[in-house]
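What follows is one structure encoded as structure tokens, with my remarks underneath.
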Amino acid sequence: MIDIVMPFLSGTMEEGTIRRWLKQPGENVEFGDDLVEVEADKATVVYQSDESGILDEILAGEGATVPPGSVIARLLAPGESHSSRAVQDAAATPNPASRAAAPPRRSADPRGGSEEIALSAAERAMVRQVVASKATIPHFYMSVDVDLMRAIDAMQRTRADGDHSPHPTISDLMIHACATALRAHRRLNSVFADSHIQTFARVNIAFAVATGNSVSTPVVLDADNRTLESIALETRRLTQLVRDETATAHDYAGATFTISNLGKDGPDAFSAVIPPPQVAILAIGRVRSIPSSPAVVKVTTLTLSSDHRVLSGVHAAAFLATVRTLLEAWPG
Amino acid sequence: MPEIEFRQAIRDAIGEEMSRDDSVVLIGEDVGAAGGVFQVTRGLHEQFGSRRVVDTPISELALAGTAFGAAISGLRPIIEIMFGDFMTLAMDSLVNQSAKYWFLSNEQSSVPLVVRSAVGPGGRFGPIHSQIHASWFMSVPGIKIVAPSTPADAKGLLTSAIRDDNPVLFLEHKRLYALKGDVETQVVPIGVAATARTGTDITIVTAMKSVHDALAAAETLAEAGIDAEVIDLRTLRPFDLTTVLDSVSKTKRIVVVEEGPRTGGWAAEVLASVVEHRVGSLQVAWRLAMPDIPLPYSPPLEDAFLPDAERIATSVLQRLGAESPRARATT
Amino acid sequence: MTTESAGVGSVGVTRFWTATADLEDDREAAVGLFRTMAFARRFEETTQSLFLRGAIYGSTHLGAGQEAVSIGVCSVLQPQDRVAATYRGHTTCLGLGISPVGLLAEMMGKGNGISAGRSGSMNIISLEHGLIGCFGIVGGSIAAATGVAFALKYQGKDGVAVAFFGDGAANQGYFQECLNFASIQALPVVLICENNQYMEFTATGAVTAGGILPRVRALGIPAEEVDGQDVWAVREAAAQAVARARAGKGPQFIEAQTYRYSDHARGDPINYRPDGEMDAWKARDPLLIARSRLMSMYGLAEAEVNALVESANAQVASVRAEATAAGFPVPGDFGSEFRETAVASDA
């Protein structure tokens, strides 16, 4: 019996998730055959078999998350038969992947019976990230209301007939405005590095995409060099990759700033957690209509979370002022 | 026996070993035809020829690398890195090749190589021609470092270094080159310190030129009623802890004098080792070194850095609570 | 033709020291050359496999795809010649007849590794096989070979020192200093540049002003380019270069164009290479070229060639089993940083 284990894809890998088995039990596996797709640290890799034999048993099914080195499948070596397997099984140690299937224990818990909900690899990664962020970054928050009447109007009016490109959304508009603002407020386009602040030449803005119970943040590279239409195309493309689960590590890399928008059914305002090593994140509240004379006004509340080691209230306020000016004068 | 200069003692050691052993070669910049920038190797090229005394281009890394390859192939190269300050250019080969080969090869071969350099401040050579690179190598396992203070020790230690099967850095303090002294044809073992002056009240540990400064300071201290013992380490790595501890058991007081920046210098290693073993019985322990600033060139500026005889004496007197006799005389 | 088998370890690899480079009349040598390359390929794949299983640690640098250069050059050397290689040196070690069990065990950190677990993959040293070392610092092999060549010339020995290094080394200080020194001293050093097109993730061409060969020629060193995928071409060029160096003509330089299949080290993102590039090089895989030569020049049937590969693979599997079963060294007495020297006290 030959063990196939979850491979060590990197020195810091803590766990990997089985995405898709490319061989099924009973199939012949040759040295070098594509055997299974594995996801670790947000990148998916095809693991090729380093042994030959017949795939006998899959011990970690699709969706299972296990540490590197754990047995995920077994091959029957050439010439081996099943009868020898029973003896081996008796001596085998329990596989960590099977622990999740244990039935819940009965108890006298005053909260009643419970159900265990396993966290996916992405959710676990998010847990680590937000804990690290809140533990190490001194957050402060600043909000500003922005009148989007003019901008929304302009966005609707500039659509030509027969234009089938994606409609720019409020998020796209925010990316565009923030990108322009970050050019003038470089200090927010940076990381904190102990004794100095490192600012970056490129403005790469990540945006939050809800996926299951967690959030993915693909990156629009060079957002400050793009038109609104280009941003819309890019966010649509990236969102599709995320939804199809075909995004690679490259699509998540290089963000210098992030925005988060909970959509038209979201709250009026909220604050977001800064994703390290960035120094700020902008949370966008829903666009709400406010009766005003002479016309209805469309307002959103933007909330900037800032890293107080790098940014002061003055920095945050100046940035928000620039963003508001850009948006309220759209398209400028 | 006539007295000879420190530089000649070095030349004699090289010449005698080259005569004795055909595998010894001398390689460096201007060591051959020019006789060395400090005239240390004059005459060797005429005596042994270009095959054995090799002038190289200005290529410290090639020099150190060539010496490494040659040393594991049966030769015993002596190379000169002209100033200790230039060690930075040779360091990859010395640190990542020569120093580690014996261990990494699982003892298939050691690296019998000697690296000579002119070192030390006080010559008005400025910050990048006055450093003593010993401290940079103190934490590199596999490197020995010897530092003579007299012509006799220069010859004796260089002979040992050439015959040693390991990489040895040989420090030639440039202000000692003209120092004269008796020389016996004797090998001085590496790793053994010498007591330059016996005393009972304080142990002054040092090396190279500072040994002479410490001895002069000891005279001043004697007038103030302090009897100093001066230990000449002679080898900085591995240094003779036993001799130092024996002295400190007697005196209970120790100062280590180093002509180098205070932080991370070899004096710190000596002091740390002594404290580990004698912490309960020590009354006072400190180092006298140079500020953590690059050495300036202008004479009054440079002199302000040097731990010379007067500064050593004053430091000891201040620590031990007595006034300088000179100060007493002026009040 | 003289052959020597490495006796160290339970599975030996035959090393070829041929008097001439002419393989045309020597079917056995040609077959052995192919088999050694096939063995090396499977050995590197096994290294990768063990790596991904967490049984080899830290980092390794695989030579899969570059076998023709290392094994081709080693096959024209003589017992008195010396070799310095890089951290990507496993195939060179195998080409010199070093025990594959000792090599794999060393990478797995086992007690029966060549250095008893002290060096790992990057610093294999075996003086009895003429391997002065594999060097983990880029360019270090050039310095080591220069020094060995100096000693060989000094001692009047009829040996040459070979340095293997990558294209990235052409931009290191060692390269300029040692080539210049070797040239003015006319040292018997043979410089083999394995140009696998990339340094770590950066294409060499993008950061190597003026290319490599012009720099070498400017120093008065004869330099030529060779197809590193064709072990016959490598052998011919290497044999001539070695002969010239041995005859006292000074350093000789060969730039072998080749390609590495794996990333620089584990975990590297492989998407820095343009689409289709790897496929184009794999179409000229050294094993494919050698295989078709064996069939066309020596009349081997395909089944015979396949049998050679099977045999090599089986041998590697047994090496793997043996290295896996070996025990780890016990930490304890680490020996000394120095060799004990009894210094004679006579004058």
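Going through the structure tokens in order, the chains are called A, B, and so on, while each chain numbers its residues from 1 and the ligands are numbered from 1 in the order shown.
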Let's see if you can do this: from backbone DSSP, list all alpha helix (DSSP H) residues in range 124-294 of chain B, as a ChimeraX atom specification. /B:134-137,151-163,209-223,241-251,266-278
Restrict the calculation to only C-alpha atoms, then for each residue of chain C with any atom at most 9 Å from an atom of chain A give the closest atom pair and their distance in Å to one decimal, rows by chain and rising residue number, as CSV.
residue,atom,partner,partner_atom,distance
C:Glu45,CA,A:Asp50,CA,8.1
C:Thr46,CA,A:Asp50,CA,7.5
C:Gln48,CA,A:Asp50,CA,8.8
C:Ser49,CA,A:Asp50,CA,5.8
C:Leu50,CA,A:Asp50,CA,8.7
C:Phe51,CA,A:Phe8,CA,7.4
C:Leu52,CA,A:Pro7,CA,4.8
C:Arg53,CA,A:Pro7,CA,5.3
C:Gly54,CA,A:Phe8,CA,5.9
C:Tyr57,CA,A:Gly11,CA,8.8
C:Gly58,CA,A:Gly11,CA,7.4
C:Ser59,CA,A:Gly11,CA,8.9
C:Arg266,CA,A:Ser10,CA,6.8
C:Gly267,CA,A:Ser10,CA,5.0
C:Asp268,CA,A:Ser10,CA,8.6
Please, could you write that set of residues out with C-alpha atoms as a short mmCIF file (atom, residue, chain, number, x, y, z; two decimals), in the first residue's frame?
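Heads up, here's the output in part_38.cif:
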data_model
loop_
_atom_site.label_atom_id
_atom_site.label_comp_id
_atom_site.auth_asym_id
_atom_site.auth_seq_id
_atom_site.Cartn_x
_atom_site.Cartn_y
_atom_site.Cartn_z
CA GLU C 45 12.12 13.71 -9.97
CA THR C 46 12.52 11.63 -6.84
CA GLN C 48 11.17 16.69 -6.00
CA SER C 49 8.79 14.03 -4.77
CA LEU C 50 10.52 13.69 -1.43
CA PHE C 51 10.58 17.43 -1.13
CA LEU C 52 6.85 17.72 -1.58
CA ARG C 53 6.42 14.97 0.98
CA GLY C 54 8.40 16.95 3.51
CA TYR C 57 13.98 20.21 3.82
CA GLY C 58 14.72 23.85 3.22
CA SER C 59 15.34 24.28 -0.46
CA ARG C 266 10.52 24.95 -4.15
CA GLY C 267 7.54 27.18 -3.97
CA ASP C 268 8.61 29.54 -6.75
#
Test item: chain C residues at most 7 Å from chain B, counting only C-alpha atoms, as a PyMOL selection string: chain C and resi 115-116+118-119+125+143-148+150-151+174+177-178+337-339+341+343+345+347
Find the residues near Arg235 in chain C: any atom within 9 Å, counting only C-alpha atoms, skip ones fewer than 3 places away on the same chain, and give them as a ChimeraX atom specification. /C:21-22,68-69,71-76,230-232,238-240
Separation of CA of Leu308 in chain C from CA of Asn196 in chain C, in Å and rounded to one decimal: 26.9 Å
Would you mind listing what lies within 10 Å of Leu62 in chain C as JSON, numbers by chain, with only C-alpha atoms counted and same-chain residues fewer than 2 positions away left out? {"C": [41, 43, 44, 45, 47, 48, 59, 60, 64, 65, 66, 87, 88, 89, 90, 91, 121, 260, 261, 262, 263, 264, 265, 266]}
When DSSP is applied to the backbone of this structure, which of range 112-319 of chain B are assigned strand (DSSP E)? Write them out as a PyMOL selection string. chain B and resi 114-119+144-146+168-173+180-181+194-197+202-206+228-232+235-237+253-261+284-290
Spatial neighbours of range 299-311 of chain B, max dist 6 Å, only C-alpha atoms, sep filter under 4 positions, as a PyMOL selection string: chain B and resi 213-214+216-217+290+315
Within 12 Å of Ser143 in chain A using only C-alpha atoms, minus same-chain residues under 4 positions, as a list in words: Asp268, Ala269, Phe270, Ser271, Ala272, Ile281, Leu282, Ala283, Ile284, Gly285, Thr300, Thr301, Leu302, Thr303, Leu304, Ser305, Ser306, Gly313, Ala316, Ala317, Ala318, Phe319, Leu320, Ala321, Val323 and Arg324 of chain A
Non-local contacts of range 199-210 of chain A (6 Å; only C-alpha atoms; under 4 positions in same chain excluded) as an NGL selection string: :A and (189-190 or 215-223 or 255-260)
Given the selection you just returned, output its residues as a file containing C-alpha atoms, formatted as a CSV table (one decimal), in the first residue's frame.
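Result file is again-v2.csv:
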chain,number,residue,atom,x,y,z
A,189,ASN,CA,-0.6,54.0,-0.6
A,190,SER,CA,2.0,52.5,1.6
A,215,VAL,CA,-14.4,37.5,1.6
A,216,SER,CA,-12.0,37.5,-1.3
A,217,THR,CA,-10.1,40.6,-2.3
A,218,PRO,CA,-8.9,40.5,-5.9
A,219,VAL,CA,-6.8,43.5,-7.1
A,220,VAL,CA,-7.2,46.0,-9.9
A,221,LEU,CA,-3.7,46.8,-10.8
A,222,ASP,CA,-2.7,50.4,-11.8
A,223,ALA,CA,-6.2,51.7,-11.0
A,255,ALA,CA,-2.8,45.6,-3.3
A,256,THR,CA,-1.8,49.0,-1.9
A,257,PHE,CA,-5.4,50.0,-0.9
A,258,THR,CA,-8.7,48.3,-0.5
A,259,ILE,CA,-12.4,49.2,-0.7
A,260,SER,CA,-15.4,47.4,0.6
